[in-house]
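Trainee: Supplied in structure tokens, the structure appears directly below.
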Amino acid sequence: MLRRVLLGVSRSPKIKKAVTALPVSSGIVARFVAGETAPEAVLATEKLVSNGLNVTLDHLGEDVTDVAAATATADAYLDLLRQLSAAGLTTNAEVSVKLSAVGQALPGDGEKIALENARSICHAARNAGTTVTLDMEDHTTTDSTLSILRELRQDFPETGAVLQAYLRRTEADCVDLAYAGSRVRLCKGAYKEPESVAFQDKRTVDKAYVRAMKVLMNGAGYPMIASHDPRLIAIAGSLADRAGRAAGSYEYQMLYGIRPEEQLRLARNGQTVRVYIPYGEDWYGYLVRRLAERPANLQFFARSLISKK
């Protein structure tokens, strides 16, 4: 019921206007979303990079319904990459792309359209001196996303992958992707998935996350540990030490606005830390959908407003 309500709210421009007019709600938006435009995202990137952090940027928007919208999203990434390059930030900033935002779900040739749009973004990223990571969405898109990843890696082997620990298949996917040169972001997963494909309770998901980390840390690739959980972060460090990994052979990733002091602490201790920055005009739908996917996130976002640590 709560999920249906939240999804309904996400489509209401009147509620969006009311929410953004409230000081507390406006603060929430500013805390978790860098802004609506590329210049705002570049400014947020500059601030983080100046503090020793790295960045990956997500132009908000997903599940596009026509080719024009998919092309517009790809063009937005090309513009962002030009601005990052002009600002001298591409050594520390890359981009994250949701394939559904560049056409994956379109009828007929959706997968082909998404591949070609992603290819153009990868080409622009390489020319700018940076990389692309393909975000992972709900489980129904996993095979398609990994298939497109394989295609892209033929020409752009630096393209990053994302795996979600709560999916039952992920440990095996980690084994497949833990090869030299393979960048893999491991996150818990934020979508509401059926028990048949995903672990449900937190303890089981945490155990799955640790198993996946072990595979990645002991593999030949480049693990990207996406978690805000202090316990999992500590375990990641221990696993890296046991695997003989030096700082810089893996990284931690956290969301923009979540535990910023911990991001800085890790960076000051010599760790590579990358902050995931969402931006774009579709910020409102992004925030509400994230809450709708897993309503427990409501408590998480609320707690993060109380403590910035």
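Starting from 1 in every chain, residues are counted up; chains themselves are A, B, ... following the order of the structure tokens, and ligands are numbered from 1 as listed.
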Compile the contact shell of Ala69 (chain A) as a PyMOL selection string: residues with an atom at most 12 Å away, counting only C-alpha atoms, same-chain residues fewer than 3 positions apart removed.
Mentor: chain A and resi 61-66+72-76+100-104+106+113-114+117
Trainee: Pick out each residue of region 73-250 of chain A that DSSP on the backbone tags as alpha helix (DSSP H); I need them as an MDAnalysis selection string.
Mentor: chainID A and resid 73:86 110:128 142:155 170:177 202:217 230:242
Trainee: Have a look at CA of Thr90 (chain A) and CA of Ala247 (chain A) and let me know their distance in Å, one decimal.
Mentor: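 The value is 20.5 Å.
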Trainee: Find the residues around His139 (chain A) up to 12 Å (only C-alpha atoms counted), leave out those fewer than 5 positions away in its own chain, and share them as a VMD selection string.
Mentor: chain A and resid 144 to 146 163 to 170 189 to 198
Trainee: Find the nearest atom pair between each residue of region 43-110 of chain A and region 257-271 of chain A for residues within 12 Å, count only C-alpha atoms, give distances in Å to one decimal, sort rows by chain and ascending number, and present the table as CSV.
Mentor:
residue,atom,partner,partner_atom,distance
A:Ala44,CA,A:Gly257,CA,11.0
A:Leu48,CA,A:Leu264,CA,9.3
A:Val49,CA,A:Ala267,CA,10.8
A:Ser50,CA,A:Leu264,CA,11.1
A:Asn51,CA,A:Leu264,CA,7.4
A:Gly52,CA,A:Ala267,CA,6.4
A:Leu53,CA,A:Ala267,CA,6.6
A:Asn54,CA,A:Ala267,CA,9.4
A:Val55,CA,A:Gln263,CA,11.4
Trainee: Tell me, in Å to one decimal, how far CA of Leu60 (chain A) is from CA of Arg119 (chain A).
Mentor: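 Those two atoms sit 18.6 Å apart.
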Trainee: As an MDAnalysis selection string, please: every residue in region 53-232 of chain A that DSSP puts in strand (DSSP E or B).
Mentor: chainID A and resid 54:59 93:98 132:135 160:164 167 183:187 198 222:226
Trainee: With the cut-off set at 12 Å and counting only C-alpha atoms, tabulate each residue of region 115-233 of chain A with an atom at most that distance from an atom of region 82-86 of chain A, showing the nearest atom pair and its distance in Å to one decimal, ordered by chain and increasing number, as JSON lines.
Mentor:
{"residue": "A:Ile121", "atom": "CA", "partner": "A:Arg82", "partner_atom": "CA", "distance": 11.0}
{"residue": "A:Ala124", "atom": "CA", "partner": "A:Arg82", "partner_atom": "CA", "distance": 8.3}
{"residue": "A:Ala125", "atom": "CA", "partner": "A:Arg82", "partner_atom": "CA", "distance": 8.9}
{"residue": "A:Arg126", "atom": "CA", "partner": "A:Ser85", "partner_atom": "CA", "distance": 10.8}
{"residue": "A:Asn127", "atom": "CA", "partner": "A:Ser85", "partner_atom": "CA", "distance": 9.3}
{"residue": "A:Ala128", "atom": "CA", "partner": "A:Ser85", "partner_atom": "CA", "distance": 5.7}
{"residue": "A:Gly129", "atom": "CA", "partner": "A:Ser85", "partner_atom": "CA", "distance": 7.9}
{"residue": "A:Thr130", "atom": "CA", "partner": "A:Ser85", "partner_atom": "CA", "distance": 9.0}
